[in-house]
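Chemist: One structure, as structure tokens, below. Some questions next.
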Amino acid sequence: MSQPPVATWHALCLDASDQSRLAEFWSTALGRRPDADDPTHLVGEAEAEQVWVDAVPEPKSAKNRVHLDVDVGDIDGLLSIGATVLRQPDEEISWYVMADPEGGEFCAFVRPARASLPGRLYEVVVDCADPYAQADWWAQLFGLVAEREPKGHFAALEGGGVLPFDYLCFVPVPEPKTTKNRVHWDVTVADVALLTARGARVLREPGGDVSWHVMADPEGNEFCAFTAGP
């Protein structure tokens with residue numbers, strides 16, 4: 001049974017070395033509109049569908065621990081805007097593993113009934129050591145129910161209108177987290193203490209040009225918390 005939410009989804013955020021280039025790619029790939037005031041801020045039909053592409057000084061140095069899964073009619077459109085294929089479907093997987101122009105991994109699920117582009121954000125997938133614990137933790141925050149895959153390989157939260165995509169998935173991997181995630185999300189919460197009381201850590205307090213808290217979940221995955229007004 002679901003519980004009342006502690007936090008709500010605010011935005012998806014992508015780190016970039018070439019901010020404009022990556023924003024243009026994902027704007028086309030996902031059908032998000034560049035904000036007239038800031039073309040690296042991508043907006044959708046609902047506020048929660050927004051994507052921020054943020055410039056960072058450090059280059060990509062490790063496999064993305066958080067990645068996107070996209071529904072698309074075929075991969076030709078993605079290839080035409082700068083994506084590359086890292087792995088084709090085979091006996092083990094039914095989807096394409098791809099990379100965006102900066103090498104950021106994502107997966108493309110071909111749905112023939114869809115148009116070539118834009119694609120649709122289908123899932124956000126998180127690598128982790130304990131998928132069940134991670135799914136339970138985020139389920140508590142978003143007021144959702146964690147579902148365990150029957151074979152025990154992963155756990156997922158069904159978006160159900162609470163998240164701006166179908167599933168938030170947690171999958172086990174053997175390698176530990178080594179670098180800052182280049183994909184993260186933002187939440188809105190009444191008080192950051194509601195997050196720290198449940199095991200989140202504050203990595204950076206608001207200050208200067210930063211009006212939000214930079215946080216980490218129990219496995220160290222970064223996220224940002226915006227405090228809602230009364």
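By order in the structure tokens, chains are A, B, ...; within a chain, residues start at 1; ligands start at 1, following the order shown.
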Please list as a PyMOL selection string every residue within 6 Å of segment 69-85 of chain A, counting only C-alpha atoms and excluding residues in the same chain fewer than 4 positions away.
Modeler: chain A and resi 98-101+106-112+114-117+119-123
Chemist: I need the chosen residues saved as a PDB file, in the first residue's frame, with N, CA and C atoms.
Modeler:
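Dumped to part.pdb:
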ATOM      1  N   MET A  98      22.928   2.587 -26.464  1.00  0.00           N
ATOM      2  CA  MET A  98      23.432   3.657 -27.308  1.00  0.00           C
ATOM      3  C   MET A  98      24.178   4.685 -26.465  1.00  0.00           C
ATOM      4  N   ALA A  99      24.801   5.629 -27.142  1.00  0.00           N
ATOM      5  CA  ALA A  99      25.480   6.738 -26.457  1.00  0.00           C
ATOM      6  C   ALA A  99      25.078   8.038 -27.119  1.00  0.00           C
ATOM      7  N   ASP A 100      24.875   9.074 -26.320  1.00  0.00           N
ATOM      8  CA  ASP A 100      24.589  10.400 -26.850  1.00  0.00           C
ATOM      9  C   ASP A 100      25.906  11.026 -27.336  1.00  0.00           C
ATOM     10  N   PRO A 101      25.884  12.233 -27.881  1.00  0.00           N
ATOM     11  CA  PRO A 101      27.115  12.823 -28.442  1.00  0.00           C
ATOM     12  C   PRO A 101      28.262  12.990 -27.451  1.00  0.00           C
ATOM     13  N   PHE A 106      22.555   5.422 -22.976  1.00  0.00           N
ATOM     14  CA  PHE A 106      21.097   5.333 -22.826  1.00  0.00           C
ATOM     15  C   PHE A 106      20.631   4.132 -23.619  1.00  0.00           C
ATOM     16  N   CYS A 107      19.397   3.720 -23.414  1.00  0.00           N
ATOM     17  CA  CYS A 107      18.855   2.562 -24.128  1.00  0.00           C
ATOM     18  C   CYS A 107      17.673   3.001 -24.986  1.00  0.00           C
ATOM     19  N   ALA A 108      17.583   2.403 -26.173  1.00  0.00           N
ATOM     20  CA  ALA A 108      16.499   2.701 -27.104  1.00  0.00           C
ATOM     21  C   ALA A 108      15.678   1.449 -27.326  1.00  0.00           C
ATOM     22  N   PHE A 109      14.400   1.532 -27.012  1.00  0.00           N
ATOM     23  CA  PHE A 109      13.452   0.449 -27.225  1.00  0.00           C
ATOM     24  C   PHE A 109      12.670   0.768 -28.495  1.00  0.00           C
ATOM     25  N   VAL A 110      12.799  -0.055 -29.510  1.00  0.00           N
ATOM     26  CA  VAL A 110      12.145   0.212 -30.788  1.00  0.00           C
ATOM     27  C   VAL A 110      10.693  -0.250 -30.721  1.00  0.00           C
ATOM     28  N   ARG A 111       9.786   0.699 -30.885  1.00  0.00           N
ATOM     29  CA  ARG A 111       8.338   0.431 -30.931  1.00  0.00           C
ATOM     30  C   ARG A 111       7.869   0.850 -32.314  1.00  0.00           C
ATOM     31  N   PRO A 112       7.660  -0.079 -33.233  1.00  0.00           N
ATOM     32  CA  PRO A 112       7.364   0.268 -34.628  1.00  0.00           C
ATOM     33  C   PRO A 112       6.192   1.224 -34.809  1.00  0.00           C
ATOM     34  N   ARG A 114       5.621   3.859 -33.201  1.00  0.00           N
ATOM     35  CA  ARG A 114       6.011   5.237 -32.918  1.00  0.00           C
ATOM     36  C   ARG A 114       6.718   5.858 -34.114  1.00  0.00           C
ATOM     37  N   ALA A 115       6.785   7.185 -34.111  1.00  0.00           N
ATOM     38  CA  ALA A 115       7.546   7.893 -35.137  1.00  0.00           C
ATOM     39  C   ALA A 115       9.036   7.731 -34.862  1.00  0.00           C
ATOM     40  N   SER A 116       9.842   8.028 -35.883  1.00  0.00           N
ATOM     41  CA  SER A 116      11.289   7.933 -35.708  1.00  0.00           C
ATOM     42  C   SER A 116      11.760   8.867 -34.599  1.00  0.00           C
ATOM     43  N   LEU A 117      11.321  10.104 -34.652  1.00  0.00           N
ATOM     44  CA  LEU A 117      11.602  11.100 -33.618  1.00  0.00           C
ATOM     45  C   LEU A 117      10.420  12.056 -33.537  1.00  0.00           C
ATOM     46  N   GLY A 119      11.462  10.678 -29.633  1.00  0.00           N
ATOM     47  CA  GLY A 119      11.183   9.515 -28.819  1.00  0.00           C
ATOM     48  C   GLY A 119      10.428   9.917 -27.560  1.00  0.00           C
ATOM     49  N   ARG A 120      10.163   8.943 -26.727  1.00  0.00           N
ATOM     50  CA  ARG A 120       9.443   9.188 -25.474  1.00  0.00           C
ATOM     51  C   ARG A 120      10.268   8.645 -24.326  1.00  0.00           C
ATOM     52  N   LEU A 121      10.425   9.453 -23.283  1.00  0.00           N
ATOM     53  CA  LEU A 121      11.121   8.975 -22.094  1.00  0.00           C
ATOM     54  C   LEU A 121      10.294   7.872 -21.453  1.00  0.00           C
ATOM     55  N   TYR A 122      10.862   6.689 -21.403  1.00  0.00           N
ATOM     56  CA  TYR A 122      10.161   5.491 -20.941  1.00  0.00           C
ATOM     57  C   TYR A 122      10.520   5.154 -19.500  1.00  0.00           C
ATOM     58  N   GLU A 123      11.816   5.140 -19.208  1.00  0.00           N
ATOM     59  CA  GLU A 123      12.286   4.782 -17.877  1.00  0.00           C
ATOM     60  C   GLU A 123      13.527   5.601 -17.515  1.00  0.00           C
TER      61      GLU A 123
END
Chemist: Considering only strand (DSSP E) as DSSP defines it on the backbone, what residues of chain A qualify? List them as a ChimeraX atom specification.
Modeler: /A:7-16,33-34,41-43,51-55,66-72,84-87,96-99,105-110,120-128,146-148,155-158,167-172,183-189,201-204,213-216,222-227
Chemist: Identify which of the residues A:Pro174, A:Pro4, A:Gly31, A:Gly103 lies closest to Asp18 of chain A, counting only C-alpha atoms when measuring atom-to-atom distances.
Modeler: A:Gly103
Chemist: What's around segment 45-62 of chain A at 7 Å? Count only C-alpha atoms, leave out sequence neighbours fewer than 5 positions away in its own chain, and write the answer as a count of residues only.
Modeler: 14
Chemist: Using only C-alpha atoms, find each residue of segment 77-142 of chain A with at least one atom at most 12 Å away from an atom of segment 205-224 of chain A; report its shortest atom-to-atom pair and that distance in Å (one decimal), sort the rows by chain and rising residue number, and return the result as CSV.
Modeler:
residue,atom,partner,partner_atom,distance
A:Val126,CA,A:Asn221,CA,9.0
A:Asp127,CA,A:Asn221,CA,9.7
A:Cys128,CA,A:Glu219,CA,7.3
A:Ala129,CA,A:Glu219,CA,7.8
A:Asp130,CA,A:Glu219,CA,8.6
A:Pro131,CA,A:Glu219,CA,10.1
A:Tyr132,CA,A:Glu219,CA,12.0
A:Ala133,CA,A:Pro218,CA,8.9
A:Gln134,CA,A:Pro218,CA,7.6
A:Ala135,CA,A:Pro218,CA,11.0
A:Asp136,CA,A:Pro218,CA,11.2
A:Trp137,CA,A:Pro218,CA,8.3
A:Trp138,CA,A:Asp217,CA,8.7
A:Leu141,CA,A:Asp217,CA,10.9
Chemist: Limited to all heavy atoms, could you put the picked residues into a file as a tab-separated table (two decimals), in the first residue's frame?
Modeler:
chain	number	residue	atom	x	y	z
A	126	VAL	N	18.68	3.15	-12.56
A	126	VAL	CA	19.75	3.44	-11.62
A	126	VAL	C	20.50	2.16	-11.30
A	126	VAL	O	19.90	1.17	-10.85
A	126	VAL	CB	19.19	4.04	-10.31
A	126	VAL	CG1	20.31	4.44	-9.37
A	126	VAL	CG2	18.27	5.22	-10.60
A	127	ASP	N	21.82	2.15	-11.53
A	127	ASP	CA	22.66	1.04	-11.08
A	127	ASP	C	22.84	1.14	-9.58
A	127	ASP	O	22.99	2.24	-9.03
A	127	ASP	CB	24.03	1.11	-11.74
A	127	ASP	CG	24.00	0.81	-13.23
A	127	ASP	OD1	22.93	0.41	-13.74
A	127	ASP	OD2	25.04	0.99	-13.88
A	128	CYS	N	22.88	0.01	-8.91
A	128	CYS	CA	23.01	0.06	-7.46
A	128	CYS	C	23.52	-1.26	-6.89
A	128	CYS	O	23.56	-2.28	-7.59
A	128	CYS	CB	21.69	0.46	-6.80
A	128	CYS	SG	20.29	-0.53	-7.30
A	129	ALA	N	23.89	-1.23	-5.62
A	129	ALA	CA	24.32	-2.43	-4.93
A	129	ALA	C	23.13	-3.23	-4.41
A	129	ALA	O	23.12	-4.45	-4.46
A	129	ALA	CB	25.25	-2.05	-3.77
A	130	ASP	N	22.11	-2.52	-3.92
A	130	ASP	CA	20.93	-3.18	-3.34
A	130	ASP	C	19.68	-2.57	-3.97
A	130	ASP	O	19.16	-1.57	-3.48
A	130	ASP	CB	20.92	-3.00	-1.83
A	130	ASP	CG	19.83	-3.81	-1.14
A	130	ASP	OD1	18.84	-4.18	-1.82
A	130	ASP	OD2	19.95	-4.08	0.07
A	131	PRO	N	19.20	-3.15	-5.07
A	131	PRO	CA	18.05	-2.56	-5.75
A	131	PRO	C	16.78	-2.52	-4.91
A	131	PRO	O	16.00	-1.58	-5.02
A	131	PRO	CB	17.87	-3.43	-7.00
A	131	PRO	CG	18.53	-4.73	-6.65
A	131	PRO	CD	19.66	-4.38	-5.76
A	132	TYR	N	16.59	-3.52	-4.07
A	132	TYR	CA	15.38	-3.54	-3.25
A	132	TYR	C	15.38	-2.40	-2.23
A	132	TYR	O	14.38	-1.71	-2.05
A	132	TYR	CB	15.23	-4.88	-2.54
A	132	TYR	CG	14.99	-6.05	-3.46
A	132	TYR	CD1	15.18	-7.35	-3.02
A	132	TYR	CD2	14.57	-5.87	-4.78
A	132	TYR	CE1	14.96	-8.44	-3.86
A	132	TYR	CE2	14.36	-6.94	-5.63
A	132	TYR	CZ	14.55	-8.22	-5.16
A	132	TYR	OH	14.33	-9.30	-6.00
A	133	ALA	N	16.51	-2.21	-1.56
A	133	ALA	CA	16.59	-1.13	-0.56
A	133	ALA	C	16.45	0.23	-1.23
A	133	ALA	O	15.76	1.12	-0.70
A	133	ALA	CB	17.91	-1.23	0.20
A	134	GLN	N	17.09	0.41	-2.39
A	134	GLN	CA	16.99	1.68	-3.09
A	134	GLN	C	15.56	1.96	-3.54
A	134	GLN	O	15.05	3.07	-3.41
A	134	GLN	CB	17.93	1.68	-4.30
A	134	GLN	CG	19.38	1.95	-3.96
A	134	GLN	CD	19.61	3.39	-3.56
A	134	GLN	OE1	19.51	3.73	-2.38
A	134	GLN	NE2	19.91	4.23	-4.52
A	135	ALA	N	14.92	0.95	-4.10
A	135	ALA	CA	13.54	1.13	-4.56
A	135	ALA	C	12.62	1.44	-3.39
A	135	ALA	O	11.74	2.31	-3.50
A	135	ALA	CB	13.07	-0.12	-5.31
A	136	ASP	N	12.80	0.75	-2.29
A	136	ASP	CA	11.95	1.01	-1.12
A	136	ASP	C	12.15	2.43	-0.60
A	136	ASP	O	11.20	3.10	-0.19
A	136	ASP	CB	12.26	0.00	0.00
A	136	ASP	CG	11.75	-1.40	-0.31
A	136	ASP	OD1	10.89	-1.55	-1.20
A	136	ASP	OD2	12.24	-2.36	0.33
A	137	TRP	N	13.41	2.90	-0.62
A	137	TRP	CA	13.70	4.24	-0.10
A	137	TRP	C	13.03	5.30	-0.96
A	137	TRP	O	12.35	6.21	-0.44
A	137	TRP	CB	15.21	4.46	-0.06
A	137	TRP	CG	15.62	5.64	0.75
A	137	TRP	CD1	15.77	5.70	2.11
A	137	TRP	CD2	15.93	6.96	0.27
A	137	TRP	NE1	16.17	6.96	2.50
A	137	TRP	CE2	16.27	7.76	1.38
A	137	TRP	CE3	15.97	7.53	-1.01
A	137	TRP	CZ2	16.63	9.10	1.27
A	137	TRP	CZ3	16.32	8.87	-1.13
A	137	TRP	CH2	16.65	9.64	0.00
A	138	TRP	N	13.20	5.20	-2.28
A	138	TRP	CA	12.59	6.20	-3.15
A	138	TRP	C	11.07	6.05	-3.22
A	138	TRP	O	10.35	7.04	-3.39
A	138	TRP	CB	13.22	6.13	-4.54
A	138	TRP	CG	14.56	6.80	-4.57
A	138	TRP	CD1	15.80	6.20	-4.56
A	138	TRP	CD2	14.81	8.20	-4.56
A	138	TRP	NE1	16.79	7.15	-4.53
A	138	TRP	CE2	16.21	8.40	-4.55
A	138	TRP	CE3	13.98	9.33	-4.57
A	138	TRP	CZ2	16.80	9.66	-4.55
A	138	TRP	CZ3	14.56	10.60	-4.57
A	138	TRP	CH2	15.95	10.75	-4.55
A	141	LEU	N	9.70	8.06	-0.44
A	141	LEU	CA	9.74	9.50	-0.69
A	141	LEU	C	8.64	9.94	-1.65
A	141	LEU	O	7.99	10.96	-1.42
A	141	LEU	CB	11.11	9.89	-1.27
A	141	LEU	CG	12.08	10.53	-0.27
A	141	LEU	CD1	12.40	9.57	0.86
A	141	LEU	CD2	13.36	10.96	-0.98
Chemist: Quick one: everything within 10 Å of Asp166 of chain A, counting only C-alpha atoms, minus sequence neighbours fewer than 4 positions away in the same chain. Send it as JSON, numbers by chain.
Modeler: {"A": [121, 122, 123, 124, 156, 157, 158, 159, 160, 161, 162]}
Chemist: Could those selected residues go to a file with N, CA and C atoms, as a compact mmCIF listing (two decimals), in the first residue's frame?
Modeler:
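Written out: out.txt:
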# COMPACT_ATOMS: atom_id res chain seq x y z
N LEU A 121 10.43 9.45 -23.28
CA LEU A 121 11.12 8.97 -22.09
C LEU A 121 10.29 7.87 -21.45
N TYR A 122 10.86 6.69 -21.40
CA TYR A 122 10.16 5.49 -20.94
C TYR A 122 10.52 5.15 -19.50
N GLU A 123 11.82 5.14 -19.21
CA GLU A 123 12.29 4.78 -17.88
C GLU A 123 13.53 5.60 -17.51
N VAL A 124 13.75 5.74 -16.22
CA VAL A 124 15.05 6.17 -15.69
C VAL A 124 15.58 4.98 -14.89
N ALA A 156 11.44 -1.83 -9.23
CA ALA A 156 11.01 -0.65 -9.99
C ALA A 156 9.84 0.03 -9.29
N LEU A 157 9.72 1.32 -9.55
CA LEU A 157 8.55 2.09 -9.14
C LEU A 157 7.78 2.44 -10.40
N GLU A 158 6.50 2.14 -10.42
CA GLU A 158 5.66 2.53 -11.55
C GLU A 158 5.24 3.98 -11.38
N GLY A 159 5.47 4.78 -12.42
CA GLY A 159 5.27 6.22 -12.31
C GLY A 159 3.88 6.63 -11.88
N GLY A 160 2.87 6.05 -12.48
CA GLY A 160 1.48 6.27 -12.06
C GLY A 160 1.06 7.72 -11.99
N GLY A 161 1.61 8.57 -12.85
CA GLY A 161 1.27 9.99 -12.82
C GLY A 161 2.06 10.79 -11.81
N VAL A 162 2.79 10.10 -10.92
CA VAL A 162 3.62 10.78 -9.94
C VAL A 162 4.97 11.15 -10.56
Chemist: Pick out the residues sitting within 7 Å of Val189 of chain A, and hand them over as a compact mmCIF listing (two decimals) with C-alpha atoms, in the first residue's frame; count only C-alpha atoms, and ignore anything fewer than 3 positions along from it in its own chain.
Modeler:
# COMPACT_ATOMS: atom_id res chain seq x y z
CA VAL A 6 7.40 13.07 1.28
CA ALA A 7 8.72 14.71 -1.90
CA THR A 8 7.64 15.31 -5.48
CA VAL A 192 15.10 18.92 3.98
CA ALA A 225 16.17 19.24 -3.05
CA PHE A 226 14.14 22.41 -3.48
CA THR A 227 12.08 23.46 -0.48
CA ALA A 228 8.47 24.33 -1.21
Chemist: As JSON, numbers by chain, please: all residues of segment 107-136 of chain A that backbone DSSP puts in helix (DSSP H, G or I).
Modeler: {"A": [131, 132, 133, 134, 135, 136]}
